[in-house]
Structures are given as structure tokens and as C-alpha cells.
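Reviewing the structure listed below.
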Amino acid sequence: MRKLFFIALLALISVPVANGQSYEYNVVTTIESIVPNGLGRSRMISTDEQRDYQEFSSMRSGEKGEDKRNKSKRSEIRVKNFEETKLLNFFNLGGIRFQNIAANDALISSKINTMAANGWELQHVASGVESAGKGDNQGIFITRFIFRRAK
């Protein structure tokens, strides 16, 4: 009976409670160059500046005459106040540089720890590689770190 009680208690504790909490989100992006010979640029980018996506969106229905094109200018969307942290490229003249990767990991960890100390919780990480394929000597490795905290 006690065992059944503990199992029921654990099940109850593990069920998330909808408490009506609202969150704000923040995205940190890393762009790491995979261009050979260390010729690319690698950076970590973050900002506290806000944009309302609805100001730059349009609704499309496919109905003739009803679609309204958003007339926003790129300069209105652009964020000018952001933090840019230099990262090292994955490659140098000798090939892949593992010390550079370790250095980038240390900087990214520092950013994550700082965000956590400021109340942000890492919620999701998404990454991808851009390259045209075989024989392509250009490309980037991009990672987005999505954080949230209670409002």
C-alpha cells in the first residue's frame, strides 16, 4: 500500500501544473565559419532590442485583390544595437583547429552561464550547416540558443 501511495505521489508531482505563467524569450545565435584557411568570420550575436513581427507581416489568402503587401523598409526591421562576440573559425591553414572549437565552447558556455545568472533558462537549441555540397569551400555552422524567463 505504501508503495502504491509513493507511486501515485510521484506521478502527481511529475505532472506539470498550468499556472498561467507567461514568459519572455531571448535568442542567442552563433555563426561559426567552416571556410578553409581561417578566411571566414565567426560570431555570437545577441540583443535585448525588441521587434513586433506583426508590424512586418502581411496576410495572404490567394484571393485576387485581397492580398495586401507589407510595405516595411528593411531599415525599419534592422536592429542596430546588439552584442557581437568574436568567435574563432573552425579551420586555419593547417586544417581543423580543435583549440578554436574549445575556445568557442568556453565563450558560449560563459554566455549561457551569464544568461542563467540573469534568470534566463535555456529552453531549446537548434543548429544547421549551410553549404552548397561537394566541392563547396564556403559555409557556416549556425546555432540558435532559445532562452526563456518568467515575466
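Each chain of the C-alpha cells is named A, B, ... in the order shown, its residues numbered from 1; ligands are numbered from 1 in display order.
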
For this session: Would you kindly return, as a ChimeraX atom specification, each protein, DNA or RNA residue with an atom no farther than 12 Å from any atom of Ala102 of chain A, considering only C-alpha atoms and excluding same-chain residues fewer than 4 positions away?
Result: /A:87-90,96-98,106-109

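Close contacts of Ile112 of chain A, defined as residues with an atom at most 12 Å away when counting only C-alpha atoms, with chain neighbours fewer than 2 positions off set aside, comprise Asn26, Val27, Val28, Thr29, Thr30, Met44, Ser46, Asp105, Ala106, Leu107, Ile108, Ser109, Ser110, Thr114, Met115, Ala116, Ala117, Asn118, Gly119, Trp120, Glu121, Leu122, Gln123, Val125, Arg144, Phe145, Ile146, Phe147 and Arg148 of chain A.
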
Write the selection just made, keeping N, CA and C atoms, as an mmCIF file, in the first residue's frame?
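part_26.cif was written with the following content:
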data_model
loop_
_atom_site.group_PDB
_atom_site.id
_atom_site.type_symbol
_atom_site.label_atom_id
_atom_site.label_comp_id
_atom_site.auth_asym_id
_atom_site.auth_seq_id
_atom_site.Cartn_x
_atom_site.Cartn_y
_atom_site.Cartn_z
ATOM 1 N N ASN A 26 14.353 34.992 -25.412
ATOM 2 C CA ASN A 26 15.532 35.667 -25.940
ATOM 3 C C ASN A 26 16.316 34.639 -26.751
ATOM 4 N N VAL A 27 16.845 35.063 -27.881
ATOM 5 C CA VAL A 27 17.587 34.169 -28.766
ATOM 6 C C VAL A 27 19.035 34.641 -28.854
ATOM 7 N N VAL A 28 19.962 33.719 -28.696
ATOM 8 C CA VAL A 28 21.387 33.970 -28.918
ATOM 9 C C VAL A 28 21.788 33.094 -30.094
ATOM 10 N N THR A 29 22.453 33.677 -31.076
ATOM 11 C CA THR A 29 22.840 32.948 -32.282
ATOM 12 C C THR A 29 24.353 32.914 -32.408
ATOM 13 N N THR A 30 24.896 31.734 -32.703
ATOM 14 C CA THR A 30 26.311 31.629 -33.036
ATOM 15 C C THR A 30 26.423 31.267 -34.510
ATOM 16 N N MET A 44 29.156 35.412 -32.149
ATOM 17 C CA MET A 44 27.991 35.128 -31.315
ATOM 18 C C MET A 44 27.219 36.442 -31.223
ATOM 19 N N SER A 46 23.701 38.602 -29.912
ATOM 20 C CA SER A 46 22.512 38.674 -29.053
ATOM 21 C C SER A 46 22.079 40.131 -28.941
ATOM 22 N N ASP A 105 33.627 26.951 -27.421
ATOM 23 C CA ASP A 105 32.795 26.307 -26.399
ATOM 24 C C ASP A 105 32.878 27.054 -25.072
ATOM 25 N N ALA A 106 34.074 27.503 -24.703
ATOM 26 C CA ALA A 106 34.249 28.247 -23.456
ATOM 27 C C ALA A 106 33.482 29.575 -23.501
ATOM 28 N N LEU A 107 33.530 30.281 -24.632
ATOM 29 C CA LEU A 107 32.812 31.550 -24.754
ATOM 30 C C LEU A 107 31.304 31.338 -24.747
ATOM 31 N N ILE A 108 30.837 30.319 -25.450
ATOM 32 C CA ILE A 108 29.403 30.033 -25.494
ATOM 33 C C ILE A 108 28.914 29.610 -24.109
ATOM 34 N N SER A 109 29.686 28.791 -23.413
ATOM 35 C CA SER A 109 29.328 28.387 -22.049
ATOM 36 C C SER A 109 29.255 29.596 -21.129
ATOM 37 N N SER A 110 30.183 30.515 -21.281
ATOM 38 C CA SER A 110 30.183 31.734 -20.471
ATOM 39 C C SER A 110 28.903 32.533 -20.715
ATOM 40 N N THR A 114 25.998 33.257 -17.973
ATOM 41 C CA THR A 114 25.587 34.635 -17.681
ATOM 42 C C THR A 114 24.083 34.797 -17.843
ATOM 43 N N MET A 115 23.534 34.214 -18.919
ATOM 44 C CA MET A 115 22.088 34.279 -19.131
ATOM 45 C C MET A 115 21.362 33.595 -17.962
ATOM 46 N N ALA A 116 21.850 32.424 -17.540
ATOM 47 C CA ALA A 116 21.231 31.696 -16.428
ATOM 48 C C ALA A 116 21.290 32.515 -15.136
ATOM 49 N N ALA A 117 22.406 33.179 -14.905
ATOM 50 C CA ALA A 117 22.553 34.017 -13.710
ATOM 51 C C ALA A 117 21.585 35.199 -13.735
ATOM 52 N N ASN A 118 21.159 35.595 -14.927
ATOM 53 C CA ASN A 118 20.208 36.696 -15.075
ATOM 54 C C ASN A 118 18.764 36.209 -15.164
ATOM 55 N N GLY A 119 18.538 34.950 -14.813
ATOM 56 C CA GLY A 119 17.178 34.429 -14.752
ATOM 57 C C GLY A 119 16.670 33.754 -16.009
ATOM 58 N N TRP A 120 17.489 33.647 -17.028
ATOM 59 C CA TRP A 120 17.076 33.004 -18.278
ATOM 60 C C TRP A 120 17.321 31.504 -18.186
ATOM 61 N N GLU A 121 16.393 30.730 -18.698
ATOM 62 C CA GLU A 121 16.509 29.271 -18.726
ATOM 63 C C GLU A 121 16.633 28.816 -20.176
ATOM 64 N N LEU A 122 17.661 28.027 -20.473
ATOM 65 C CA LEU A 122 17.847 27.514 -21.828
ATOM 66 C C LEU A 122 16.723 26.527 -22.123
ATOM 67 N N GLN A 123 15.927 26.820 -23.164
ATOM 68 C CA GLN A 123 14.764 26.004 -23.487
ATOM 69 C C GLN A 123 14.981 25.095 -24.678
ATOM 70 N N VAL A 125 17.701 24.322 -28.361
ATOM 71 C CA VAL A 125 18.860 24.612 -29.203
ATOM 72 C C VAL A 125 18.569 24.059 -30.588
ATOM 73 N N ARG A 144 21.172 28.339 -32.813
ATOM 74 C CA ARG A 144 20.321 29.282 -32.086
ATOM 75 C C ARG A 144 20.001 28.689 -30.720
ATOM 76 N N PHE A 145 20.291 29.460 -29.690
ATOM 77 C CA PHE A 145 20.002 29.100 -28.308
ATOM 78 C C PHE A 145 18.784 29.909 -27.893
ATOM 79 N N ILE A 146 17.702 29.249 -27.549
ATOM 80 C CA ILE A 146 16.464 29.948 -27.190
ATOM 81 C C ILE A 146 16.273 29.844 -25.679
ATOM 82 N N PHE A 147 16.212 31.013 -25.053
ATOM 83 C CA PHE A 147 16.081 31.110 -23.598
ATOM 84 C C PHE A 147 14.700 31.667 -23.254
ATOM 85 N N ARG A 148 14.230 31.351 -22.047
ATOM 86 C CA ARG A 148 13.001 31.962 -21.552
ATOM 87 C C ARG A 148 13.156 32.276 -20.071
#

For this session: Determine which residues of segment 111-144 of chain A receive a DSSP assignment of helix (DSSP H, G or I), computed from the backbone, and state them as a PyMOL selection string.
Result: chain A and resi 111-117

Might you pull out every residue within 7 Å of Gly139 of chain A, with only C-alpha atoms counted and same-chain residues fewer than 2 positions away left off, and present them as a compact mmCIF listing (two decimals) with C-alpha atoms, in the first residue's frame?
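As written to disk, result-v9.txt reads:
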# COMPACT_ATOMS: atom_id res chain seq x y z
CA SER A 33 32.75 29.63 -40.19
CA ILE A 34 33.57 26.39 -41.95
CA VAL A 35 35.59 28.21 -44.62
CA GLU A 130 24.88 25.87 -44.82
CA SER A 131 26.96 24.54 -47.66
CA ASN A 137 34.65 25.67 -49.85

For this session: Would you return as a PyMOL selection string the members of chain A that DSSP assigns to strand (DSSP E) on this structure's backbone?
Result: chain A and resi 23-33+42-46+83-87+91-92+95-96+121-130+140-150

Generate the output file for the selected residues, C-alpha atoms, as a PDB file, in the first residue's frame.
ATOM      1  CA  TYR A  23       7.317  34.077 -20.351  1.00  0.00           C
ATOM      2  CA  GLU A  24       9.565  36.275 -22.382  1.00  0.00           C
ATOM      3  CA  TYR A  25      12.047  34.734 -24.794  1.00  0.00           C
ATOM      4  CA  ASN A  26      15.532  35.667 -25.940  1.00  0.00           C
ATOM      5  CA  VAL A  27      17.587  34.169 -28.766  1.00  0.00           C
ATOM      6  CA  VAL A  28      21.387  33.970 -28.918  1.00  0.00           C
ATOM      7  CA  THR A  29      22.840  32.948 -32.282  1.00  0.00           C
ATOM      8  CA  THR A  30      26.311  31.629 -33.036  1.00  0.00           C
ATOM      9  CA  ILE A  31      27.685  31.628 -36.574  1.00  0.00           C
ATOM     10  CA  GLU A  32      30.858  29.604 -36.919  1.00  0.00           C
ATOM     11  CA  SER A  33      32.750  29.633 -40.194  1.00  0.00           C
ATOM     12  CA  SER A  42      32.627  33.619 -36.691  1.00  0.00           C
ATOM     13  CA  ARG A  43      30.459  35.476 -34.175  1.00  0.00           C
ATOM     14  CA  MET A  44      27.991  35.128 -31.315  1.00  0.00           C
ATOM     15  CA  ILE A  45      25.115  37.601 -31.613  1.00  0.00           C
ATOM     16  CA  SER A  46      22.512  38.674 -29.053  1.00  0.00           C
ATOM     17  CA  GLU A  83      26.164  42.408 -28.720  1.00  0.00           C
ATOM     18  CA  GLU A  84      28.685  40.796 -31.055  1.00  0.00           C
ATOM     19  CA  THR A  85      31.222  38.398 -29.561  1.00  0.00           C
ATOM     20  CA  LYS A  86      34.087  37.289 -31.735  1.00  0.00           C
ATOM     21  CA  LEU A  87      34.477  33.533 -32.093  1.00  0.00           C
ATOM     22  CA  PHE A  91      39.677  25.908 -39.684  1.00  0.00           C
ATOM     23  CA  ASN A  92      43.086  27.542 -40.088  1.00  0.00           C
ATOM     24  CA  GLY A  95      43.029  22.321 -41.241  1.00  0.00           C
ATOM     25  CA  ILE A  96      40.525  21.836 -38.469  1.00  0.00           C
ATOM     26  CA  GLU A 121      16.509  29.271 -18.726  1.00  0.00           C
ATOM     27  CA  LEU A 122      17.847  27.514 -21.828  1.00  0.00           C
ATOM     28  CA  GLN A 123      14.764  26.004 -23.487  1.00  0.00           C
ATOM     29  CA  HIS A 124      15.844  24.825 -26.911  1.00  0.00           C
ATOM     30  CA  VAL A 125      18.860  24.612 -29.203  1.00  0.00           C
ATOM     31  CA  ALA A 126      18.575  24.456 -32.999  1.00  0.00           C
ATOM     32  CA  SER A 127      21.509  24.159 -35.361  1.00  0.00           C
ATOM     33  CA  GLY A 128      22.298  23.650 -39.007  1.00  0.00           C
ATOM     34  CA  VAL A 129      25.017  23.839 -41.612  1.00  0.00           C
ATOM     35  CA  GLU A 130      24.883  25.869 -44.819  1.00  0.00           C
ATOM     36  CA  ILE A 140      28.623  28.311 -41.911  1.00  0.00           C
ATOM     37  CA  PHE A 141      27.562  26.331 -38.882  1.00  0.00           C
ATOM     38  CA  ILE A 142      24.722  28.223 -37.187  1.00  0.00           C
ATOM     39  CA  THR A 143      23.229  27.519 -33.756  1.00  0.00           C
ATOM     40  CA  ARG A 144      20.321  29.282 -32.086  1.00  0.00           C
ATOM     41  CA  PHE A 145      20.002  29.100 -28.308  1.00  0.00           C
ATOM     42  CA  ILE A 146      16.464  29.948 -27.190  1.00  0.00           C
ATOM     43  CA  PHE A 147      16.081  31.110 -23.598  1.00  0.00           C
ATOM     44  CA  ARG A 148      13.001  31.962 -21.552  1.00  0.00           C
ATOM     45  CA  ARG A 149      12.243  33.518 -18.197  1.00  0.00           C
ATOM     46  CA  ALA A 150       9.116  34.386 -16.305  1.00  0.00           C
TER      47      ALA A 150
END

Exercise. Can you tell me how far atom CA of Gln138 of chain A sits from atom CA of Gly40 of chain A, in Å to one decimal?
Worked result: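 Distance between the two atoms: 8.3 Å.
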
For this session: Go through A:Gln99, A:Asn113, A:Asn81, A:Asn104 one by one, measure the shortest atom-to-atom distance of each to Asp48 of chain A using only C-alpha atoms, and give the residue with the smallest value.
Result: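 Answer, going by the shortest atom-to-atom distance: A:Asn81.
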
Problem set entry | 9 Å contact set for Asn70 of chain A, only C-alpha atoms, chain neighbours under 3 positions out, as a list of chain:residue names |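 In the requested form, the answer reads A:Glu55, A:Phe56, A:Ser57, A:Ser58, A:Met59.
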
Can I get the selected residues back with C-alpha atoms, as a compact mmCIF listing (two decimals), in the first residue's frame?
# COMPACT_ATOMS: atom_id res chain seq x y z
CA GLU A 55 4.46 45.24 -37.96
CA PHE A 56 6.40 43.48 -40.72
CA SER A 57 3.88 40.77 -41.67
CA SER A 58 1.13 40.53 -44.26
CA MET A 59 -1.81 38.16 -44.57

Exercise. For Asn37 of chain A, which residue out of A:Tyr53, A:Ser22, A:Gly62, A:Gly94 is the nearest one, using only C-alpha atoms?
Worked result: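 Of the candidates, the smallest distance to Asn37 of chain A is held by A:Gly94.
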
Exercise. Quick one, how far is atom CA of Lys111 of chain A from atom CA of Arg41 of chain A?
Worked result: 18.9 Å
